[in-house]
Each structure stands twice: as C-alpha cells, then as structure tokens.
$ cat coords_6.txt   # compact mmCIF, C-alpha atoms
# COMPACT_ATOMS: atom_id res chain seq x y z
CA MET A 206 100.25 173.52 146.08
CA SER A 207 98.13 174.28 149.14
CA GLY A 208 95.84 172.45 151.52
CA GLN A 209 96.52 169.47 153.70
CA ARG A 210 99.55 167.42 152.68
CA LYS A 211 98.99 163.73 151.98
CA ALA A 212 101.27 160.76 152.65
CA VAL A 213 101.00 157.06 152.03
CA ALA A 214 102.40 154.75 154.71
CA LEU A 215 103.66 151.23 154.00
CA ILE A 216 101.72 149.20 156.53
CA SER A 217 102.92 145.69 157.36
CA GLY A 218 100.68 145.27 160.38
CA GLY A 219 103.57 145.45 162.85
CA LEU A 220 104.39 148.09 165.43
CA ASP A 221 107.00 150.11 163.51
CA SER A 222 104.80 151.01 160.55
CA LEU A 223 101.91 151.72 162.92
CA LEU A 224 104.05 154.21 164.87
CA ALA A 225 105.49 155.81 161.74
CA ALA A 226 102.01 156.47 160.36
CA ARG A 227 100.69 157.69 163.69
CA VAL A 228 103.43 160.25 164.37
CA ILE A 229 102.93 161.75 160.90
CA GLN A 230 99.15 161.84 161.40
CA ASP A 231 99.83 163.70 164.63
CA GLN A 232 101.58 166.40 162.59
CA GLY A 233 98.35 167.08 160.70
CA ILE A 234 99.20 165.12 157.56
CA HIS A 235 96.47 163.08 155.84
CA VAL A 236 97.83 159.53 155.87
CA GLU A 237 96.51 156.49 154.02
CA GLY A 238 98.02 153.03 154.26
CA ILE A 239 99.23 150.68 151.56
CA ASN A 240 99.88 147.00 152.11
CA PHE A 241 101.44 144.65 149.58
CA PHE A 242 100.43 141.01 149.12
CA THR A 243 103.31 139.00 147.67
CA GLY A 244 101.75 135.56 148.15
CA PHE A 245 104.36 134.78 150.80
CA CYS A 246 102.72 136.78 153.59
CA VAL A 247 102.20 134.64 156.68
CA GLU A 248 99.05 136.56 157.60
CA GLY A 249 96.50 134.01 158.80
CA HIS A 250 96.89 131.48 156.00
CA THR A 251 97.86 128.44 157.98
CA HIS A 252 95.26 129.39 160.57
CA ALA A 253 92.64 129.41 157.84
CA ILE A 254 93.71 125.97 156.63
CA ARG A 255 94.49 123.91 159.71
CA LYS A 256 91.50 122.73 161.67
CA ARG A 257 93.23 122.91 165.04
CA ASP A 258 93.93 126.60 164.39
CA GLN A 259 90.39 127.48 163.29
CA LYS A 260 89.47 128.94 166.66
CA LYS A 261 92.44 131.30 166.71
CA GLU A 262 91.66 134.93 166.03
CA LYS A 263 92.00 135.60 162.30
CA ARG A 264 92.88 139.24 162.45
CA ASN A 265 94.55 140.79 159.44
CA ASN A 266 97.03 143.02 161.23
CA ALA A 267 97.37 145.58 158.44
CA LEU A 268 93.60 146.12 158.39
CA TRP A 269 93.56 146.24 162.16
CA VAL A 270 96.31 148.88 162.27
CA ALA A 271 94.49 151.01 159.70
CA GLU A 272 91.30 150.81 161.72
CA GLN A 273 93.10 151.80 164.92
CA LEU A 274 94.58 154.82 163.14
CA GLY A 275 91.32 155.73 161.40
CA MET A 276 92.91 155.68 157.98
CA LYS A 277 92.11 154.02 154.68
CA LEU A 278 94.10 150.96 153.64
CA HIS A 279 94.79 149.89 150.08
CA ILE A 280 95.90 146.28 149.64
CA GLU A 281 97.85 145.71 146.45
CA ASP A 282 98.17 142.32 144.76
CA ILE A 283 101.79 142.17 143.57
CA VAL A 284 102.02 138.37 143.28
CA ASP A 285 102.96 138.32 139.57
CA GLU A 286 105.38 141.25 139.63
CA TYR A 287 107.04 139.89 142.75
CA LYS A 288 108.31 136.82 140.86
CA GLN A 289 111.06 138.92 139.31
CA VAL A 290 112.09 140.20 142.76
CA LEU A 291 112.27 136.72 144.23
CA THR A 292 113.84 134.84 141.36
CA ASN A 293 116.47 137.41 140.42
CA PRO A 294 117.30 139.66 143.38
CA LYS A 295 120.01 142.22 142.58
CA HIS A 296 121.12 142.34 146.21
CA GLY A 297 120.84 138.60 146.87
CA TYR A 298 119.10 136.64 149.59
CA GLY A 299 119.20 136.72 153.37
CA ALA A 300 119.57 133.60 155.49
CA ASN A 301 116.95 131.72 153.47
CA LEU A 302 115.15 132.79 150.28
CA ASN A 303 114.32 136.25 151.61
CA PRO A 304 115.34 138.98 149.15
CA CYS A 305 114.67 141.63 151.81
CA LEU A 306 116.53 144.58 150.30
CA ASP A 307 115.15 144.07 146.79
CA CYS A 308 111.73 143.56 148.35
CA LYS A 309 111.88 146.88 150.19
CA VAL A 310 113.11 148.70 147.07
CA PHE A 311 110.27 147.14 145.06
CA MET A 312 107.58 148.05 147.59
CA VAL A 313 108.77 151.64 147.92
CA ARG A 314 108.88 151.87 144.11
CA LYS A 315 105.26 150.66 143.96
CA ALA A 316 104.32 153.19 146.64
CA HIS A 317 106.06 155.92 144.64
CA GLU A 318 104.07 154.99 141.53
CA TRP A 319 100.95 155.01 143.68
CA ILE A 320 101.50 158.53 145.09
CA GLU A 321 102.17 159.87 141.59
CA ARG A 322 98.92 158.32 140.37
CA LYS A 323 96.87 159.48 143.35
CA GLY A 324 98.39 162.92 143.85
CA PHE A 325 99.91 162.26 147.26
CA ASP A 326 102.99 164.16 148.46
CA PHE A 327 105.33 161.66 150.10
CA ILE A 328 105.90 158.11 151.43
CA ILE A 329 106.40 156.89 155.01
CA THR A 330 107.94 153.62 156.17
CA GLY A 331 108.55 152.24 159.64
CA GLU A 332 112.19 151.45 158.86
CA VAL A 333 114.73 151.81 161.67
CA ILE A 334 118.48 151.81 161.03
CA GLY A 335 119.97 148.57 162.30
CA GLN A 336 116.62 146.91 162.98
CA ARG A 337 117.00 144.22 160.31
CA PRO A 338 120.31 142.65 159.31
CA MET A 339 119.74 142.79 155.56
CA SER A 340 117.38 145.57 154.58
CA GLN A 341 117.49 148.08 157.42
CA ARG A 342 121.12 149.17 157.76
CA LYS A 343 122.75 152.58 157.49
CA GLU A 344 124.18 151.61 154.06
CA THR A 345 120.88 150.30 152.69
CA MET A 346 118.74 153.32 153.55
CA PRO A 347 119.98 155.40 150.57
CA ILE A 348 119.85 152.33 148.31
CA VAL A 349 116.11 151.95 148.98
CA ALA A 350 115.49 155.66 148.41
CA ASP A 351 117.56 155.81 145.20
CA GLU A 352 116.69 152.52 143.51
CA SER A 353 112.97 152.91 144.19
CA GLY A 354 112.93 156.32 142.55
CA ALA A 355 111.32 157.81 145.65
CA SER A 356 114.51 159.69 146.55
CA ASP A 357 113.82 162.42 149.14
CA LEU A 358 110.07 161.77 149.07
CA LEU A 359 110.77 158.80 151.34
CA LEU A 360 110.52 159.69 155.02
CA ARG A 361 111.36 157.27 157.85
CA PRO A 362 109.87 159.04 160.90
CA LEU A 363 111.32 156.61 163.47
CA CYS A 364 114.95 157.20 162.47
CA ALA A 365 114.69 160.43 160.45
CA LYS A 366 117.08 162.33 162.74
CA ASN A 367 119.84 159.87 161.83
CA LEU A 368 119.34 160.50 158.11
CA PRO A 369 119.64 163.49 155.76
CA GLU A 370 116.63 165.78 155.59
CA THR A 371 113.91 164.75 153.19
CA LEU A 372 111.68 167.01 151.12
CA PRO A 373 108.74 166.93 153.58
CA GLU A 374 111.12 168.11 156.32
CA ARG A 375 112.85 170.77 154.21
CA GLU A 376 109.53 172.17 153.02
CA GLY A 377 108.21 172.28 156.57
CA TRP A 378 105.29 169.93 155.88
CA VAL A 379 106.71 167.84 158.72
CA ASP A 380 108.59 169.13 161.78
CA ARG A 381 111.89 167.20 161.93
CA GLN A 382 112.25 168.03 165.63
CA GLN A 383 109.20 165.90 166.39
CA LEU A 384 110.63 162.88 164.57
CA PHE A 385 112.90 160.23 166.13
CA ASP A 386 116.45 158.88 166.11
CA PHE A 387 115.87 155.20 166.84
CA SER A 388 118.57 152.75 165.81
CA GLY A 389 119.59 149.17 166.50
CA ARG A 390 117.72 145.95 167.11
CA SER A 391 116.23 146.91 170.47
CA ARG A 392 112.46 147.26 170.47
CA LYS A 393 112.41 149.31 173.67
CA PRO A 394 112.22 152.78 172.01
CA GLN A 395 109.27 151.67 169.89
CA MET A 396 107.53 150.13 172.89
CA ALA A 397 108.09 153.30 174.91
CA LEU A 398 106.73 155.45 172.09
CA ALA A 399 103.70 153.17 171.75
CA ALA A 400 103.05 153.50 175.48
CA SER A 401 103.36 157.29 175.35
CA LEU A 402 100.78 157.36 172.53
CA GLY A 403 98.42 155.08 174.48
CA ILE A 404 98.91 152.19 172.05
CA GLU A 405 98.81 148.96 174.05
CA ASP A 406 97.70 146.31 171.57
CA TYR A 407 99.91 145.55 168.58
CA ALA A 408 101.21 142.56 166.67
CA GLN A 409 104.51 141.07 167.80
CA PRO A 410 105.84 139.26 164.77
CA ALA A 411 108.62 136.84 165.71
CA GLY A 412 111.10 136.67 162.85
CA GLY A 413 109.05 138.59 160.33
CA CYS A 414 105.82 138.09 158.47
CA CYS A 415 107.13 136.43 155.31
CA PHE A 416 107.37 132.71 154.55
CA LEU A 417 110.59 133.35 152.62
CA THR A 418 112.42 133.88 155.92
CA ASP A 419 111.29 130.41 157.05
CA GLU A 420 113.94 127.75 156.56
CA GLN A 421 111.53 124.87 155.96
CA TYR A 422 109.52 126.85 153.44
CA ALA A 423 112.68 127.93 151.59
CA VAL A 424 113.83 124.30 151.32
CA LYS A 425 110.48 123.34 149.76
CA LEU A 426 110.61 126.22 147.30
CA LYS A 427 114.18 125.33 146.24
CA ASP A 428 113.07 121.73 145.74
CA LEU A 429 110.19 122.92 143.54
CA TRP A 430 112.51 125.01 141.38
CA GLN A 431 115.04 122.19 141.11
CA ALA A 432 112.40 119.63 140.13
CA ARG A 433 110.97 121.92 137.45
CA GLY A 434 114.35 123.05 136.15
CA SER A 435 113.31 126.70 136.36
CA ARG A 436 112.89 129.33 139.05
CA ASP A 437 109.24 129.95 138.32
CA TYR A 438 106.06 129.42 140.31
CA GLU A 439 102.33 130.02 140.23
CA MET A 440 100.11 131.17 143.08
CA ASP A 441 98.84 127.60 143.61
CA ASP A 442 102.44 126.36 143.98
CA ILE A 443 103.27 128.77 146.76
CA MET A 444 100.00 128.07 148.56
CA LEU A 445 100.60 124.31 148.43
CA LEU A 446 104.08 124.74 149.92
CA LYS A 447 102.34 125.96 153.08
CA VAL A 448 100.27 122.81 153.45
CA GLY A 449 100.95 119.18 154.38
CA ARG A 450 103.99 116.91 154.45
CA HIS A 451 105.99 117.08 151.25
CA LEU A 452 107.88 113.88 150.34
CA ARG A 453 109.93 113.33 147.20
CA PRO A 454 110.61 109.62 146.57
CA SER A 455 111.78 110.41 143.01
CA LYS A 456 113.02 113.30 140.89
CA ALA A 457 109.93 112.83 138.73
CA TYR A 458 107.32 113.54 141.41
CA LYS A 459 106.57 114.53 144.97
CA VAL A 460 103.66 113.70 147.24
CA ILE A 461 101.80 116.21 149.40
CA ILE A 462 100.07 114.45 152.29
CA ALA A 463 97.60 116.35 154.48
CA ARG A 464 98.52 116.31 158.17
CA GLU A 465 95.00 116.77 159.49
CA GLU A 466 91.37 117.25 158.49
CA GLY A 467 91.64 120.98 157.76
CA GLU A 468 94.53 120.37 155.38
CA SER A 469 92.66 117.50 153.69
CA ASN A 470 89.71 119.84 153.14
CA PHE A 471 92.01 122.49 151.72
CA LEU A 472 93.72 120.02 149.37
CA GLN A 473 90.30 118.84 148.14
CA GLY A 474 90.11 122.13 146.25
CA TYR A 475 93.17 121.11 144.21
CA ARG A 476 92.07 117.55 143.34
CA LYS A 477 91.19 118.32 139.73
CA GLY A 478 94.68 119.62 138.99
CA PHE A 479 96.61 116.66 140.42
CA PRO A 480 96.50 112.85 140.49
CA HIS A 481 95.48 112.03 144.07
CA ILE A 482 95.01 109.23 146.56
CA LYS A 483 92.41 108.90 149.31
CA THR A 484 92.25 106.22 151.98
CA VAL A 485 89.01 104.21 151.75
CA SER A 486 89.15 101.39 154.31
CA HIS A 487 90.37 103.58 157.16
CA GLY A 488 90.39 107.21 158.17
CA GLY A 489 93.27 108.93 156.45
CA PRO A 490 94.63 111.92 154.64
CA LEU A 491 94.17 113.12 151.10
CA ALA A 492 97.43 113.12 149.14
CA LEU A 493 98.21 115.00 145.93
CA ILE A 494 100.87 113.82 143.48
CA ASP A 495 102.86 116.58 141.80
CA GLY A 496 104.68 115.17 138.78
CA GLU A 497 104.56 112.18 136.45
CA VAL A 498 104.09 108.68 137.87
CA THR A 499 104.14 105.09 136.63
CA ASP A 500 101.86 102.31 137.92
CA GLN A 501 104.76 101.14 140.07
CA ASP A 502 105.11 104.65 141.54
CA VAL A 503 101.38 104.76 142.33
CA GLN A 504 101.69 101.51 144.30
CA LEU A 505 104.61 102.92 146.29
CA ILE A 506 102.79 106.20 146.94
CA GLY A 507 99.77 104.20 148.09
CA ARG A 508 101.91 102.40 150.65
CA LEU A 509 103.31 105.75 151.78
CA VAL A 510 99.88 107.35 152.17
CA ALA A 511 98.63 104.27 154.05
CA ARG A 512 101.49 104.77 156.49
CA TYR A 513 99.96 108.12 157.47
CA SER A 514 96.41 106.70 157.74
CA GLN A 515 94.65 105.09 160.67
CA GLY A 516 95.34 101.76 158.99
CA ARG A 517 99.09 102.12 159.44
CA ASN A 518 99.23 98.92 161.52
CA ALA A 519 96.79 96.92 159.37
CA ASP A 520 97.93 94.17 157.01
CA GLU A 521 96.13 95.79 154.10
CA VAL A 522 94.70 99.25 153.38
CA LEU A 523 92.28 100.04 150.59
CA LEU A 524 92.82 103.32 148.78
CA ALA A 525 91.36 105.11 145.77
CA TYR A 526 93.72 106.51 143.15
CA THR A 527 92.39 109.11 140.70
CA ASP A 528 94.48 110.10 137.71
CA LEU A 529 94.53 113.48 135.94
CA ALA A 530 91.76 112.36 133.57
CA GLY A 531 89.52 111.76 136.60
CA GLU A 532 89.58 107.95 136.29
CA THR A 533 89.51 106.27 139.72
CA ARG A 534 90.76 102.80 140.57
CA GLU A 535 91.28 100.79 143.74
CA LEU A 536 94.66 100.18 145.33
CA ARG A 537 95.30 97.52 147.96
CA VAL A 538 98.59 98.00 149.78
CA ASP A 539 100.51 97.01 152.86
CA PRO A 540 101.38 100.24 154.70
CA MET A 541 105.03 101.22 154.70
CA LYS A 542 106.90 100.77 157.95
CA PRO A 543 108.63 103.84 159.35
CA HIS A 544 112.10 102.43 158.61
CA GLU A 545 111.15 101.99 154.94
CA ILE A 546 110.80 105.75 154.46
CA PRO A 547 114.23 107.25 153.77
CA LYS A 548 114.80 110.49 155.67
CA ASP A 549 115.81 112.33 152.53
CA TRP A 550 112.36 111.86 151.04
CA LEU A 551 110.99 114.44 153.47
CA ILE A 552 111.43 117.91 152.00
CA MET B 199 69.72 147.78 143.49
CA LYS B 200 72.32 146.13 141.28
CA ARG B 201 74.15 143.14 142.72
CA HIS B 202 77.69 142.23 141.68
CA ARG B 203 78.85 138.72 142.64
CA ILE B 204 82.51 137.85 143.18
CA ASP B 205 83.69 134.26 143.41
CA CYS B 206 86.39 134.12 146.11
CA ARG B 207 86.17 130.38 146.72
CA ARG B 208 89.52 128.68 147.42
CA LEU B 209 91.17 132.07 147.87
CA LEU B 210 92.84 132.80 151.18
CA CYS B 211 92.84 136.22 152.79
CA PRO B 212 93.72 138.84 151.82
CA MET B 213 92.84 137.85 148.23
CA PRO B 214 89.05 138.04 148.84
CA VAL B 215 89.55 141.55 150.26
CA ILE B 216 91.64 142.55 147.24
CA LYS B 217 88.99 141.22 144.84
CA VAL B 218 86.26 143.18 146.63
CA GLN B 219 88.42 146.32 146.75
CA ASN B 220 89.28 146.15 143.05
CA ALA B 221 85.68 145.48 142.04
CA ILE B 222 84.38 148.41 144.10
CA GLU B 223 86.81 150.78 142.39
CA ASP B 224 84.84 150.41 139.16
CA LEU B 225 81.29 150.19 140.55
CA PRO B 226 78.83 153.04 141.12
CA ALA B 227 77.55 153.97 144.58
CA GLY B 228 74.62 151.88 145.71
CA THR B 229 75.81 148.67 144.06
CA LEU B 230 75.77 145.61 146.28
CA VAL B 231 78.92 143.52 146.11
CA GLU B 232 78.45 139.92 147.20
CA ALA B 233 81.65 137.96 147.90
CA ILE B 234 81.35 134.17 148.13
CA CYS B 235 84.31 132.87 150.14
CA THR B 236 85.66 129.66 151.62
CA ASP B 237 88.24 131.26 153.94
CA PRO B 238 86.43 132.11 157.20
CA GLY B 239 88.91 134.98 157.64
CA ALA B 240 86.86 136.86 155.01
CA LEU B 241 84.08 137.26 157.60
CA ASN B 242 86.41 139.56 159.56
CA ASP B 243 88.59 141.04 156.84
CA ILE B 244 86.01 142.22 154.29
CA PRO B 245 83.88 144.00 156.95
CA ALA B 246 87.05 145.59 158.41
CA TRP B 247 88.15 146.78 154.98
CA SER B 248 84.64 148.16 154.33
CA ARG B 249 84.55 150.09 157.62
CA ILE B 250 88.01 151.57 157.00
CA ASN B 251 87.24 152.64 153.46
CA GLY B 252 83.76 154.01 154.13
CA HIS B 253 81.57 151.34 152.50
CA ARG B 254 78.52 149.83 154.19
CA LEU B 255 78.46 146.23 155.38
CA VAL B 256 75.01 144.83 154.53
CA GLU B 257 75.24 141.20 155.56
CA THR B 258 77.53 138.33 156.55
CA ARG B 259 76.28 134.76 156.58
CA THR B 260 77.48 131.16 156.45
CA ASP B 261 75.87 128.93 153.88
CA ASP B 262 76.83 125.26 153.55
CA GLY B 263 80.52 125.77 154.24
CA GLU B 264 80.70 129.04 152.30
CA TYR B 265 80.97 132.49 153.79
CA ILE B 266 79.03 135.26 152.11
CA VAL B 267 79.74 138.92 152.72
CA VAL B 268 77.61 141.66 151.14
CA VAL B 269 78.87 145.26 150.97
CA GLU B 270 77.13 148.33 149.58
CA VAL B 271 79.37 150.70 147.62
CA VAL B 272 79.32 154.19 149.12
CA SER B 273 80.79 157.12 147.21
CA GLU B 274 83.33 159.39 148.90

$ encode --input "coords_6.txt" --output "structure tokens"
Amino acid sequence: MSGQRKAVALISGGLDSLLAARVIQDQGIHVEGINFFTGFCVEGHTHAIRKRDQKKEKRNNALWVAEQLGMKLHIEDIVDEYKQVLTNPKHGYGANLNPCLDCKVFMVRKAHEWIERKGFDFIITGEVIGQRPMSQRKETMPIVADESGASDLLLRPLCAKNLPETLPEREGWVDRQQLFDFSGRSRKPQMALAASLGIEDYAQPAGGCCFLTDEQYAVKLKDLWQARGSRDYEMDDIMLLKVGRHLRPSKAYKVIIAREEGESNFLQGYRKGFPHIKTVSHGGPLALIDGEVTDQDVQLIGRLVARYSQGRNADEVLLAYTDLAGETRELRVDPMKPHEIPKDWLI
Amino acid sequence: MKRHRIDCRRLLCPMPVIKVQNAIEDLPAGTLVEAICTDPGALNDIPAWSRINGHRLVETRTDDGEYIVVVEVVSE
C-alpha cells in the first residue's frame, strides 16, 4: 500500500481527542473524525429545551473541534445498538449507570468496522492512562484494544510511550518519538500541549459528557426500568428523562411536570403519546402522565399539577385533562399543599 | 434542481445533523437538501457539518417557530 496513510479519530469534543487528532495530523496523516451519538450525550440538549438557556451558545463541540482541525466529521447514530451496552455491560457500571469500559470497547469496535469499510489504516483515541477511574487505566487499555477487535491498529498518541508499540508505529507511518507519555488525572500536560500548538479555546467538560454519569439521571432511568419490569427504553424515554420534574405517586404511573415555559413547549410535542393535564384558570405547566391511571388518580394528579401552577395558593384551580384517546374534560381541584407531597414521590 | 425534504421536527441535535448526513450519502451532487427543524441548535450544527464535509450552505431561515436549513450536495 502506498500514498498518504489515513486514520479515523474518535472525537468527543473535548481537549484530549482534539490533541490526539492534531498531533497525528502534524505527522502528515490524513485524519477524519468520528463521533458517536448514544442518546445520552449531554451536548446542548437541555440548552435547546429550557427557555432560560436559549441564549447560551449552542455549539456542538465535536463539530467545532473538526472545524478547528480542518477535518471531516462523521456522526454515527448508535442509539439502538447502544441499548445492549447499557443494559448488559460485561464490565459493569461506574458510580452511576455509566458502563464506561464497555462503552469505549463498543465505540472502538464501531470505529474498527468503519475503517475496514472505508479503507482507512488505523484508529486514534485521546485516551490517557489513569485519566478516568473506570475506562482509562493501565489494565483497561489492552482490554479495549483486544475486545474491540482493533488490536494494534488502535493508537493513543497522548500516552503511546507508556504502551507497547502499535502497527502504525512499527511500520513507521507514525514517529513514536513525537508521541507522548501522559498519565494520571492531571490536565496540565494536555493544557501545556494545547498551548504549545496555539490551541486556546476548547471545551472543559466537568465530569464527562454523558448523562449516565449523572446521579439524578441514573435514578430516573432505574425507576423507569423498575416500573416497566424490564431494562429497555426507547429514544423518547431517554429524552423525557432529561426534562421536567418526575414524580411517582404510584407504581402504576409517574407524572412529568414541566419546570418552565421551554420545557412545557418541549413536552407539547409528546402530548399525543401520553394522557396530559394543562392548567386553564392560571398560568401553569404542562404535565404528562406515564402509565395507567384511574379517575381517582387523575384527581390527585390534578391537585399535584395545580401545586406547581400560579394558582398554588388559590382555593380552586381549573385544569384540562386529556386522555390517550384525545378526549378532554375539566378538572376542578384544590392545589396540594407542600406538606401533602411525600418526599419519596420525587424521582 | 431536485429538492429533498427531511422532517427533523422534535429531534434534538445532533439527530438533525445525522439525518442530513445520512440523506446526503445517497443523493447526487446538486441536490438541495432542506431540513425542517424545531431545535434552534440545527441553525449552527447543520451549517458547521456542511462546511466541514465540503457541502454548500444555501439558506437558513426561521419560519413560524421552525428552523429551515438548505444545503446543496457537492461531490468530492
């Protein structure tokens, strides 16, 4: 094989993958980026939904990194395939529902399939030994390479000198001497390298870019699985877990109450799939009901929704309840008082 | 010029970008791809994806709460 060698870089949008791709570009390799969308990526979603966040910059960091590096970026939808990774992780979960090691193996495997399909030569990641407690440790580096099938086609430029030589190094496509030996949790070596390359603007993710590392989100997802009696989910489920207050007054149903106008607007898009309640006599949130409810339940949910409306101190609040068939009827309720809402209802 | 419409309403980024990307893979050069979105992030993300991957941004506009992005497919 002759001509310019080609590599695909896993691009998360953070600094490490940016640097890994850049240092390989600087060795004359043609690099393109690949970014995986699991459905749990934090990237801009809540900003897009919540009205008070609408003015925040909605930059997709992976796209931004690719543009800074002048390389193509391929975004892969792996939502369906990722269910198996999340619901049955061989290496278990981290502190919450984050299957980080299985996730990394899966993404590198997808990248390996991609390079075989596209005729690329090797794979780059921004992994650094010791950077992450679950997936980026000395012991896990060979696990990712072996279980993904990528083997020695997987090059980690930021810590390559701490690892056995890979094929791109042995073949001389890449000069090992120009790679790095970063290790540990410190970000200083990466920041120094960025400065030396003239890179000043980069994303600073605090605690990762995945909702599965978020404790509150993980609690809501566990509740969903428990209520359904199976560890399954659809895209709409995982989107709705990012929005609103979730309260479960009964095993049979939960209520999702918008916290502000942007969330109400977002939930509007889901009205046809759920029974829902809207405040009529006062300003108030839209609430979706996920599960099966009796007339008595609807009355209780009405009182709960009224509690979060502008009529919370009124004697009576008028609401509209619409069932799954689209039939709407009036509800007149006295809003719940704060002490009437058990703490364990809040998921 | 052929126009290919993609309904990205209710989808949050990056799904609109992915839908545009996957559609373009099968379309001939010169086709106009029109994405109709409700996530305002699409106004940044689809143009950025187009610039990176060598396609031509034709138009972005807001129409009654929807965000429309038109991209012309350019061959490599």

$ atom_distance --input "coords_6.txt" --atom1 "atom CA of Leu429 of chain A" --atom2 "atom CA of Asn240 of chain A"
27.6 Å

$ atom_distance --input "coords_6.txt" --atom1 "atom CA of Glu237 of chain A" --atom2 "atom CA of Val213 of chain A"
4.9 Å

$ residues_around --input "coords_6.txt" --residues "Lys366 of chain A" --least-positions-apart "6" --cutoff "10 Å" --atoms "all atoms listed in the file" --output "ChimeraX atom specification"
/A:381-387

$ atom_distance --input "coords_6.txt" --atom1 "atom CA of Pro454 of chain A" --atom2 "atom CA of Glu532 of chain A"
23.5 Å

$ closest_residue --input "coords_6.txt" --among "B:Pro245, B:Thr260, B:Ala233, B:Leu210" --to "chain A" --atoms "only C-alpha atoms"
B:Leu210

$ interface_residues --input "coords_6.txt" --of "chain B" --to "chain A" --cutoff "10 Å" --atoms "all atoms listed in the file" --output "list in words"
Arg207, Arg208, Leu209, Leu210, Cys211, Pro212, Met213, Val215, Ile216, Lys217, Gln219, Asn220, Thr236, Asp237, Pro238, Gly239, Ala240, Leu241, Asn242, Asp243, Ile244, Ala246, Trp247, Ser248, Arg249, Ile250, Asn251 and Gly252 of chain B

$ residues_around --input "coords_6.txt" --residues "segment 261-273 of chain B" --least-positions-apart "3" --cutoff "7 Å" --atoms "only C-alpha atoms" --output "ChimeraX atom specification"
/B:222,226-236,238,241,252-258

$ closest_atom_pairs --input "coords_6.txt" --of "segment 409-527 of chain A" --to "segment 284-288 of chain A" --cutoff "10 Å" --atoms "only C-alpha atoms" --output "JSON lines"
{"residue": "A:Arg436", "atom": "CA", "partner": "A:Lys288", "partner_atom": "CA", "distance": 9.0}
{"residue": "A:Asp437", "atom": "CA", "partner": "A:Lys288", "partner_atom": "CA", "distance": 7.4}
{"residue": "A:Tyr438", "atom": "CA", "partner": "A:Lys288", "partner_atom": "CA", "distance": 7.8}
{"residue": "A:Glu439", "atom": "CA", "partner": "A:Asp285", "partner_atom": "CA", "distance": 8.3}
{"residue": "A:Met440", "atom": "CA", "partner": "A:Val284", "partner_atom": "CA", "distance": 7.5}

$ residues_around --input "coords_6.txt" --residues "Asp221 of chain A" --least-positions-apart "4" --cutoff "7 Å" --atoms "only C-alpha atoms" --output "list in words"
Ala225, Gly331 and Gln395 of chain A

$ residues_around --input "coords_6.txt" --residues "Ile328 of chain A" --least-positions-apart "4" --cutoff "6 Å" --atoms "all atoms listed in the file" --output "ChimeraX atom specification"
/A:212-214,359

$ closest_residue --input "coords_6.txt" --among "A:Thr330, A:Thr243, A:Ser514, A:Ser222" --to "Ala350 of chain A" --atoms "only C-alpha atoms"
A:Thr330

$ residues_near_point --input "coords_6.txt" --point "(117.6, 152.9, 168.8)" --cutoff "12 Å" --atoms "all atoms listed in the file" --output "list in words"
Glu332, Val333, Ile334, Gly335, Gln336, Leu363, Cys364, Ala365, Lys366, Asn367, Phe385, Asp386, Phe387, Ser388, Gly389, Arg390, Ser391, Arg392, Lys393, Pro394, Gln395, Met396, Ala397 and Leu398 of chain A

$ residues_around --input "coords_6.txt" --residues "segment 424-426 of chain A" --least-positions-apart "2" --cutoff "12 Å" --atoms "only C-alpha atoms" --output "PyMOL selection string"
chain A and resi 245+291-292+300-303+416-422+428-433+435-439+442-453+459+461+550-552

$ closest_residue --input "coords_6.txt" --among "A:Ala226, A:Ala530, A:Val460, A:Ile348" --to "Leu505 of chain A" --atoms "only C-alpha atoms"
A:Val460

$ closest_residue --input "coords_6.txt" --among "A:Met339, A:Met346, A:Ile546, A:Leu372" --to "Val313 of chain A" --atoms "all atoms listed in the file"
A:Met346
